[in-house]
file my_file_22.tsv (TSV, C-alpha atoms)
chain	number	residue	atom	x	y	z
A	12	MET	CA	-40.04	-62.80	61.99
A	13	HIS	CA	-42.74	-61.01	60.07
A	14	SER	CA	-44.74	-57.84	60.61
A	15	CYS	CA	-48.30	-57.94	61.89
A	16	ILE	CA	-50.90	-55.56	63.28
A	17	ASN	CA	-53.60	-56.40	65.83
A	18	GLY	CA	-57.17	-55.20	65.36
A	19	ALA	CA	-57.02	-53.48	68.74
A	20	THR	CA	-54.62	-50.92	67.28
A	21	THR	CA	-57.42	-49.77	64.97
A	22	MET	CA	-60.21	-50.67	67.39
A	23	PRO	CA	-63.04	-48.36	66.22
A	24	TYR	CA	-62.89	-49.62	62.66
A	25	THR	CA	-64.39	-52.61	60.87
A	26	LEU	CA	-62.54	-55.73	59.84
A	27	GLU	CA	-62.68	-54.65	56.21
A	28	GLN	CA	-61.13	-51.29	57.14
A	29	ASP	CA	-58.47	-53.04	59.22
A	30	LEU	CA	-57.43	-55.24	56.32
A	31	GLU	CA	-57.36	-52.40	53.81
A	32	ALA	CA	-55.28	-50.23	56.16
A	33	ALA	CA	-52.86	-53.04	57.04
A	34	GLY	CA	-52.31	-53.81	53.37
A	35	LYS	CA	-51.68	-50.18	52.48
A	36	ALA	CA	-49.23	-49.83	55.38
A	37	GLY	CA	-47.20	-52.80	54.17
A	38	PHE	CA	-47.85	-55.30	56.97
A	39	ASP	CA	-47.41	-58.98	56.24
A	40	ALA	CA	-50.16	-60.20	58.54
A	41	VAL	CA	-53.05	-59.23	60.81
A	42	GLU	CA	-54.52	-60.44	64.07
A	43	ILE	CA	-58.27	-60.40	63.65
A	44	TRP	CA	-60.22	-59.05	66.61
A	45	SER	CA	-62.97	-61.50	67.53
A	46	ARG	CA	-65.79	-58.96	67.85
A	47	LYS	CA	-64.97	-57.55	64.42
A	48	LEU	CA	-64.89	-61.06	63.02
A	49	ASP	CA	-68.33	-61.83	64.47
A	50	ALA	CA	-69.73	-58.66	62.92
A	51	TYR	CA	-68.14	-59.47	59.56
A	52	LEU	CA	-69.53	-63.01	59.52
A	53	GLN	CA	-73.08	-61.73	59.91
A	54	ASP	CA	-73.02	-60.78	56.21
A	55	HIS	CA	-70.01	-62.70	54.84
A	56	ASP	CA	-68.44	-66.13	55.05
A	57	ALA	CA	-64.94	-67.41	55.67
A	58	GLY	CA	-64.30	-67.82	51.97
A	59	GLU	CA	-64.95	-64.13	51.41
A	60	LEU	CA	-62.65	-63.29	54.31
A	61	ARG	CA	-59.87	-65.35	52.80
A	62	ALA	CA	-60.35	-63.60	49.48
A	63	CYS	CA	-60.21	-60.23	51.24
A	64	LEU	CA	-56.96	-61.16	52.98
A	65	ASP	CA	-55.48	-62.29	49.68
A	66	ALA	CA	-56.60	-59.10	47.95
A	67	HIS	CA	-54.64	-57.02	50.47
A	68	GLY	CA	-51.59	-59.30	50.45
A	69	LEU	CA	-52.11	-60.41	54.05
A	70	ARG	CA	-52.19	-63.56	56.11
A	71	ALA	CA	-53.98	-64.05	59.42
A	72	ALA	CA	-51.64	-64.60	62.38
A	73	SER	CA	-54.35	-65.16	64.99
A	74	LEU	CA	-57.98	-64.69	65.90
A	75	CYS	CA	-58.24	-62.96	69.27
A	76	PRO	CA	-59.14	-62.67	72.07
A	77	TYR	CA	-61.18	-65.52	73.49
A	78	GLY	CA	-61.82	-66.35	77.12
A	79	LEU	CA	-60.03	-69.32	78.67
A	80	VAL	CA	-62.72	-69.97	81.26
A	81	GLY	CA	-61.79	-72.59	83.81
A	82	PHE	CA	-63.55	-71.53	86.99
A	83	SER	CA	-67.15	-71.09	85.84
A	84	ASP	CA	-69.48	-72.49	83.20
A	85	ASN	CA	-67.51	-72.45	79.96
A	86	ARG	CA	-69.91	-74.15	77.55
A	87	GLU	CA	-70.48	-70.93	75.63
A	88	GLN	CA	-66.73	-70.29	75.35
A	89	LEU	CA	-66.07	-73.84	74.13
A	90	GLN	CA	-68.66	-73.34	71.41
A	91	ALA	CA	-66.98	-70.06	70.47
A	92	ILE	CA	-63.63	-71.85	70.19
A	93	GLU	CA	-65.19	-74.48	67.93
A	94	ARG	CA	-66.62	-71.80	65.64
A	95	ALA	CA	-63.40	-69.78	65.64
A	96	ALA	CA	-61.26	-72.82	64.87
A	97	LYS	CA	-63.38	-73.62	61.83
A	98	VAL	CA	-62.97	-70.07	60.53
A	99	ALA	CA	-59.25	-70.10	61.32
A	100	ALA	CA	-58.79	-73.32	59.36
A	101	ALA	CA	-60.67	-71.87	56.38
A	102	ILE	CA	-58.37	-68.84	56.21
A	103	ASP	CA	-55.11	-70.65	57.11
A	104	CYS	CA	-54.86	-68.90	60.47
A	105	PRO	CA	-52.69	-71.00	62.82
A	106	VAL	CA	-53.61	-69.63	66.27
A	107	LEU	CA	-56.49	-68.70	68.56
A	108	LEU	CA	-55.36	-66.41	71.36
A	109	VAL	CA	-56.98	-66.90	74.79
A	110	CYS	CA	-56.90	-65.03	78.11
A	111	ALA	CA	-57.52	-66.95	81.33
A	112	ASP	CA	-59.89	-66.21	84.15
A	113	ALA	CA	-58.80	-66.52	87.79
A	114	PRO	CA	-59.66	-69.07	90.47
A	115	PRO	CA	-61.62	-68.27	93.62
A	116	ASP	CA	-59.45	-66.84	96.38
A	117	ASP	CA	-59.96	-69.91	98.54
A	118	MET	CA	-58.96	-72.46	95.90
A	119	ASP	CA	-55.74	-74.35	96.47
A	120	ARG	CA	-53.04	-73.34	94.00
A	121	ASP	CA	-52.38	-76.88	92.81
A	122	GLU	CA	-56.07	-77.51	92.29
A	123	ALA	CA	-56.31	-74.25	90.32
A	124	PHE	CA	-53.54	-75.32	87.97
A	125	GLU	CA	-55.12	-78.74	87.50
A	126	THR	CA	-58.49	-77.17	86.74
A	127	MET	CA	-57.06	-74.70	84.24
A	128	ALA	CA	-54.94	-77.42	82.62
A	129	ALA	CA	-58.05	-79.52	82.04
A	130	THR	CA	-59.75	-76.50	80.51
A	131	ALA	CA	-56.80	-75.71	78.27
A	132	ARG	CA	-56.71	-79.32	77.14
A	133	ALA	CA	-60.42	-79.19	76.23
A	134	TYR	CA	-59.83	-76.03	74.20
A	135	ALA	CA	-56.81	-77.58	72.46
A	136	GLU	CA	-58.72	-80.74	71.58
A	137	ARG	CA	-61.38	-78.67	69.83
A	138	SER	CA	-58.95	-76.44	67.97
A	139	ALA	CA	-56.60	-79.27	67.03
A	140	ALA	CA	-59.44	-81.01	65.21
A	141	HIS	CA	-59.15	-78.16	62.71
A	142	GLY	CA	-55.36	-77.92	62.68
A	143	VAL	CA	-55.31	-74.78	64.85
A	144	LYS	CA	-53.33	-74.10	68.03
A	145	ILE	CA	-54.26	-72.29	71.26
A	146	ALA	CA	-51.94	-69.58	72.61
A	147	ILE	CA	-52.34	-68.60	76.27
A	148	GLU	CA	-51.75	-64.90	76.92
A	149	PRO	CA	-50.33	-63.93	80.33
A	150	LEU	CA	-51.77	-60.57	81.40
A	151	GLY	CA	-50.02	-57.83	83.34
A	152	ARG	CA	-50.39	-58.42	87.10
A	153	HIS	CA	-53.07	-61.05	86.51
A	154	PRO	CA	-53.92	-62.87	89.78
A	155	PHE	CA	-53.32	-66.30	88.24
A	156	ILE	CA	-51.36	-66.12	84.96
A	157	PRO	CA	-49.28	-62.91	85.06
A	158	GLY	CA	-46.29	-64.33	83.16
A	159	PRO	CA	-44.81	-67.23	81.20
A	160	ARG	CA	-43.95	-69.41	84.21
A	161	GLU	CA	-47.62	-69.83	85.09
A	162	ALA	CA	-48.68	-70.28	81.47
A	163	LEU	CA	-46.02	-72.95	80.98
A	164	GLU	CA	-47.21	-74.72	84.15
A	165	VAL	CA	-50.71	-74.93	82.67
A	166	ILE	CA	-49.35	-76.13	79.33
A	167	GLU	CA	-47.16	-78.80	80.92
A	168	ARG	CA	-49.98	-80.15	83.04
A	169	ALA	CA	-52.41	-80.10	80.09
A	170	GLY	CA	-50.05	-82.21	77.99
A	171	HIS	CA	-51.42	-81.29	74.57
A	172	ASP	CA	-49.28	-80.50	71.52
A	173	SER	CA	-51.68	-77.80	70.29
A	174	LEU	CA	-51.03	-75.54	73.30
A	175	GLY	CA	-48.50	-72.72	73.44
A	176	LEU	CA	-48.19	-69.21	74.77
A	177	MET	CA	-47.44	-65.70	73.67
A	178	VAL	CA	-45.24	-62.82	74.73
A	179	ASP	CA	-46.64	-59.30	75.05
A	180	PHE	CA	-43.93	-56.74	75.79
A	181	PHE	CA	-46.34	-54.49	77.72
A	182	HIS	CA	-47.94	-57.23	79.83
A	183	TYR	CA	-44.60	-58.81	80.70
A	184	TYR	CA	-43.21	-55.42	81.73
A	185	LYS	CA	-46.28	-54.68	83.85
A	186	SER	CA	-45.91	-58.06	85.58
A	187	GLY	CA	-42.19	-57.54	86.16
A	188	VAL	CA	-41.28	-60.66	84.18
A	189	PRO	CA	-37.47	-61.08	84.19
A	190	LEU	CA	-35.86	-61.19	80.77
A	191	ASP	CA	-34.45	-64.61	81.66
A	192	ASP	CA	-38.01	-65.92	81.94
A	193	ILE	CA	-38.59	-64.92	78.32
A	194	ARG	CA	-35.31	-66.52	77.37
A	195	ALA	CA	-36.43	-69.75	79.07
A	196	ILE	CA	-39.63	-70.13	77.01
A	197	PRO	CA	-39.20	-73.11	74.67
A	198	THR	CA	-39.18	-71.59	71.19
A	199	GLU	CA	-41.54	-74.24	69.86
A	200	LEU	CA	-44.15	-73.13	72.40
A	201	LEU	CA	-43.89	-69.42	71.54
A	202	LEU	CA	-46.74	-68.98	69.09
A	203	ILE	CA	-46.99	-65.20	68.69
A	204	VAL	CA	-45.48	-61.98	70.08
A	205	HIS	CA	-47.21	-58.66	70.73
A	206	VAL	CA	-44.94	-55.65	70.34
A	207	ASP	CA	-45.68	-52.28	71.91
A	208	ASP	CA	-44.23	-49.68	74.27
A	209	CYS	CA	-45.59	-47.71	77.21
A	210	GLU	CA	-45.36	-44.51	79.18
A	211	ASP	CA	-42.97	-44.09	82.10
A	212	LEU	CA	-45.27	-44.93	85.02
A	213	PRO	CA	-45.07	-47.38	87.91
A	214	PRO	CA	-46.05	-50.80	86.51
A	215	ALA	CA	-48.94	-51.09	88.97
A	216	ASP	CA	-50.45	-47.90	87.53
A	217	LEU	CA	-50.20	-48.89	83.89
A	218	THR	CA	-53.32	-49.61	81.83
A	219	ASP	CA	-53.69	-50.53	78.18
A	220	GLN	CA	-54.36	-46.86	77.43
A	221	HIS	CA	-50.76	-46.06	78.43
A	222	ARG	CA	-49.41	-48.04	75.47
A	223	VAL	CA	-47.57	-46.08	72.78
A	224	TYR	CA	-45.79	-46.88	69.54
A	225	MET	CA	-42.51	-48.74	69.90
A	226	GLY	CA	-39.62	-46.43	70.58
A	227	GLU	CA	-41.79	-43.76	72.23
A	228	GLY	CA	-41.79	-45.30	75.70
A	229	VAL	CA	-39.60	-46.99	78.29
A	230	LEU	CA	-39.73	-50.70	77.44
A	231	PRO	CA	-36.36	-52.41	76.88
A	232	LEU	CA	-37.12	-53.16	73.24
A	233	LYS	CA	-33.51	-53.82	72.28
A	234	ASP	CA	-33.14	-56.45	75.01
A	235	MET	CA	-36.48	-58.08	74.23
A	236	MET	CA	-35.81	-58.22	70.51
A	237	GLY	CA	-32.32	-59.55	71.20
A	238	ILE	CA	-33.78	-62.47	73.14
A	239	LEU	CA	-36.27	-63.28	70.36
A	240	ARG	CA	-33.43	-63.30	67.86
A	241	GLU	CA	-31.29	-65.48	70.11
A	242	LYS	CA	-34.15	-67.95	70.40
A	243	GLY	CA	-34.61	-68.13	66.65
A	244	TYR	CA	-38.21	-67.02	66.87
A	245	SER	CA	-39.62	-66.76	63.35
A	246	GLY	CA	-43.30	-65.95	63.90
A	247	ALA	CA	-45.41	-62.82	63.86
A	248	LEU	CA	-44.50	-59.63	65.69
A	249	SER	CA	-47.89	-58.02	66.10
A	250	VAL	CA	-48.35	-54.35	66.97
A	251	GLU	CA	-51.08	-54.23	69.64
A	252	ILE	CA	-51.73	-50.76	71.05
A	253	PHE	CA	-54.92	-49.68	72.82
A	254	ARG	CA	-54.87	-45.89	72.80
A	255	GLU	CA	-57.86	-43.62	72.25
A	256	GLU	CA	-55.62	-40.81	71.06
A	257	TYR	CA	-54.54	-43.03	68.17
A	258	TRP	CA	-58.04	-44.39	67.56
A	259	GLU	CA	-59.27	-40.90	66.70
A	260	LYS	CA	-57.16	-40.98	63.54
A	261	ASP	CA	-57.88	-42.57	60.17
A	262	PRO	CA	-57.14	-46.34	60.16
A	263	VAL	CA	-54.60	-46.00	57.35
A	264	GLU	CA	-52.79	-43.24	59.28
A	265	ILE	CA	-52.72	-45.44	62.40
A	266	SER	CA	-51.45	-48.44	60.47
A	267	VAL	CA	-48.76	-46.46	58.64
A	268	ALA	CA	-47.53	-45.04	61.97
A	269	ALA	CA	-47.54	-48.52	63.50
A	270	LYS	CA	-45.54	-49.95	60.58
A	271	ALA	CA	-43.01	-47.09	60.81
A	272	ALA	CA	-42.54	-47.84	64.53
A	273	TYR	CA	-42.20	-51.54	63.73
A	274	ASP	CA	-39.51	-50.82	61.15
A	275	ARG	CA	-37.58	-48.64	63.59
A	276	MET	CA	-37.77	-51.38	66.22
A	277	MET	CA	-36.47	-53.98	63.78
A	278	ALA	CA	-33.48	-51.75	63.02
A	279	ILE	CA	-32.24	-51.61	66.61
call {"tool": "encode", "arguments": {"input": "my_file_22.tsv", "output": "structure tokens"}}
result
Amino acid sequence: MHSCINGATTMPYTLEQDLEAAGKAGFDAVEIWSRKLDAYLQDHDAGELRACLDAHGLRAASLCPYGLVGFSDNREQLQAIERAAKVAAAIDCPVLLVCADAPPDDMDRDEAFETMAATARAYAERSAAHGVKIAIEPLGRHPFIPGPREALEVIERAGHDSLGLMVDFFHYYKSGVPLDDIRAIPTELLLIVHVDDCEDLPPADLTDQHRVYMGEGVLPLKDMMGILREKGYSGALSVEIFREEYWEKDPVEISVAAKAAYDRMMAI
């Protein structure tokens, strides 16, 4: 496993600032926030981005987030995936992270899974052409894909080798995902992990703004990390924390605090 920081943790800052801060904090990798990437590419190209990553001693773990749109017109999103996959290939980034929409309330459950599987397959076909995989992100209490069981159902039905999923400690806790469900994820399908912690509130009341640095909340980090180690997971552990209180600080200060929390988590 290697250390990573997500651009959401330093949300107000530019991609260049994110990379500089991550490098100074000692992270191995970054997840590049898609809006920051779009802004960067207005005046730079992928070759310059790769050089910037190299200059700070970083690799890109994912580009994120993108919409996995299955229940409305998704032509714009498919074009975005094509563009992102080309950039990802140019910087040796292995994964595009996507978040699914939800079906209409009156849609049959089986039909919804078939529809989303077809969408996921279309995304994977476009990313695979550039050697890049698609990771589906279950979201806390999402009406359609709140946990790994649903994501794995989509992946199985889609039947494409370039599809996988991710674990986010906060989202899985909010959805009440049993630890055994994490244990049951095939390791080869686990493409990236988001690490975080959260305040002691009822899961239904939690929002992203209740996330805190690892070790400062109530998530069962020791159990979750134990499962990842049991599974032999060897990918990125990416610190993703949306918290305005943190965002008010300098990006290097945020990144250093995030890396310190990461190191403490790895020691448990």
call {"tool": "closest_residue", "arguments": {"input": "my_file_22.tsv", "among": "A:Arg160, A:Arg61, A:Arg132, A:His153", "to": "A:Pro197", "atoms": "only C-alpha atoms"}}
result
A:Arg160
call {"tool": "residues_around", "arguments": {"input": "my_file_22.tsv", "residues": "A:Gly237", "least_positions_apart": "3", "cutoff": "12 Å", "atoms": "all atoms listed in the file", "output": "list in words"}}
result
Leu190, Asp191, Ile193, Arg194, Pro231, Leu232, Lys233, Asp234, Arg240, Glu241, Lys242, Gly243, Tyr244, Met276, Met277, Ala278 and Ile279 of chain A
call {"tool": "atom_distance", "arguments": {"input": "my_file_22.tsv", "atom1": "atom CA of A:Pro149", "atom2": "atom CA of A:Tyr224"}}
result
20.7 Å
call {"tool": "atom_distance", "arguments": {"input": "my_file_22.tsv", "atom1": "atom CA of A:Arg137", "atom2": "atom CA of A:Asp112"}}
result
19.0 Å
call {"tool": "closest_residue", "arguments": {"input": "my_file_22.tsv", "among": "A:Ala131, A:Tyr184, A:Leu69, A:Arg222", "to": "A:Lys35", "atoms": "all atoms listed in the file"}}
result
A:Leu69
call {"tool": "closest_residue", "arguments": {"input": "my_file_22.tsv", "among": "A:Thr130, A:Asp103, A:Ile43, A:Val267", "to": "A:Gly81", "atoms": "only C-alpha atoms"}}
result
A:Thr130
call {"tool": "atom_distance", "arguments": {"input": "my_file_22.tsv", "atom1": "atom CA of A:Leu26", "atom2": "atom CA of A:Lys47"}}
result
5.5 Å
call {"tool": "residues_near_point", "arguments": {"input": "my_file_22.tsv", "point": "(-63.0, -65.9, 56.1)", "cutoff": "10 Å", "atoms": "all atoms listed in the file", "output": "ChimeraX atom specification"}}
result
/A:48,51-52,55-64,71,97-104
call {"tool": "write_last_selection", "arguments": {"input": "my_file_22.tsv", "atoms": "C-alpha atoms", "output": "PDB file, in the frame of the given file"}}
result
ATOM      1  CA  LEU A  48     -64.890 -61.060  63.020  1.00  0.00           C
ATOM      2  CA  TYR A  51     -68.140 -59.470  59.560  1.00  0.00           C
ATOM      3  CA  LEU A  52     -69.530 -63.010  59.520  1.00  0.00           C
ATOM      4  CA  HIS A  55     -70.010 -62.700  54.840  1.00  0.00           C
ATOM      5  CA  ASP A  56     -68.440 -66.130  55.050  1.00  0.00           C
ATOM      6  CA  ALA A  57     -64.940 -67.410  55.670  1.00  0.00           C
ATOM      7  CA  GLY A  58     -64.300 -67.820  51.970  1.00  0.00           C
ATOM      8  CA  GLU A  59     -64.950 -64.130  51.410  1.00  0.00           C
ATOM      9  CA  LEU A  60     -62.650 -63.290  54.310  1.00  0.00           C
ATOM     10  CA  ARG A  61     -59.870 -65.350  52.800  1.00  0.00           C
ATOM     11  CA  ALA A  62     -60.350 -63.600  49.480  1.00  0.00           C
ATOM     12  CA  CYS A  63     -60.210 -60.230  51.240  1.00  0.00           C
ATOM     13  CA  LEU A  64     -56.960 -61.160  52.980  1.00  0.00           C
ATOM     14  CA  ALA A  71     -53.980 -64.050  59.420  1.00  0.00           C
ATOM     15  CA  LYS A  97     -63.380 -73.620  61.830  1.00  0.00           C
ATOM     16  CA  VAL A  98     -62.970 -70.070  60.530  1.00  0.00           C
ATOM     17  CA  ALA A  99     -59.250 -70.100  61.320  1.00  0.00           C
ATOM     18  CA  ALA A 100     -58.790 -73.320  59.360  1.00  0.00           C
ATOM     19  CA  ALA A 101     -60.670 -71.870  56.380  1.00  0.00           C
ATOM     20  CA  ILE A 102     -58.370 -68.840  56.210  1.00  0.00           C
ATOM     21  CA  ASP A 103     -55.110 -70.650  57.110  1.00  0.00           C
ATOM     22  CA  CYS A 104     -54.860 -68.900  60.470  1.00  0.00           C
TER      23      CYS A 104
END
call {"tool": "residues_around", "arguments": {"input": "my_file_22.tsv", "residues": "A:Val165", "least_positions_apart": "5", "cutoff": "9 Å", "atoms": "only C-alpha atoms", "output": "PyMOL selection string"}}
result
chain A and resi 124-125+127-129+131+160+170
call {"tool": "closest_residue", "arguments": {"input": "my_file_22.tsv", "among": "A:Val263, A:Ala272, A:Leu89, A:Ala135", "to": "A:Leu30", "atoms": "only C-alpha atoms"}}
result
A:Val263
call {"tool": "closest_residue", "arguments": {"input": "my_file_22.tsv", "among": "A:Lys270, A:Asp54, A:Met235, A:Glu164", "to": "A:Ala40", "atoms": "all atoms listed in the file"}}
result
A:Lys270
call {"tool": "residues_around", "arguments": {"input": "my_file_22.tsv", "residues": "A:Ser249", "least_positions_apart": "3", "cutoff": "10 Å", "atoms": "only C-alpha atoms", "output": "list in words"}}
result
His13, Ser14, Cys15, Ile16, Asn17, Gly18, Thr20, Phe38, Asp39, Ala40, Val41, Glu42, Ala72, Ser73, Asp179, Ile203, Val204, His205, Val206, Asp207, Gly246, Ile252, Ala269 and Tyr273 of chain A
call {"tool": "closest_residue", "arguments": {"input": "my_file_22.tsv", "among": "A:Ala33, A:Val143, A:Cys209, A:Ala19", "to": "A:Ala268", "atoms": "only C-alpha atoms"}}
result
A:Ala33
call {"tool": "closest_atom_pairs", "arguments": {"input": "my_file_22.tsv", "of": "stretch 43-83 of chain A", "to": "stretch 108-111 of chain A", "cutoff": "9 Å", "atoms": "all atoms listed in the file", "output": "tab-separated table"}}
result
residue	atom	partner	partner_atom	distance
A:Ser73	CA	A:Leu108	CA	6.6
A:Leu74	CA	A:Leu108	CA	6.3
A:Cys75	CA	A:Leu108	CA	5.0
A:Pro76	CA	A:Leu108	CA	5.4
A:Tyr77	CA	A:Val109	CA	4.6
A:Gly78	CA	A:Cys110	CA	5.2
A:Leu79	CA	A:Ala111	CA	4.4
A:Val80	CA	A:Ala111	CA	6.0
A:Gly81	CA	A:Ala111	CA	7.5
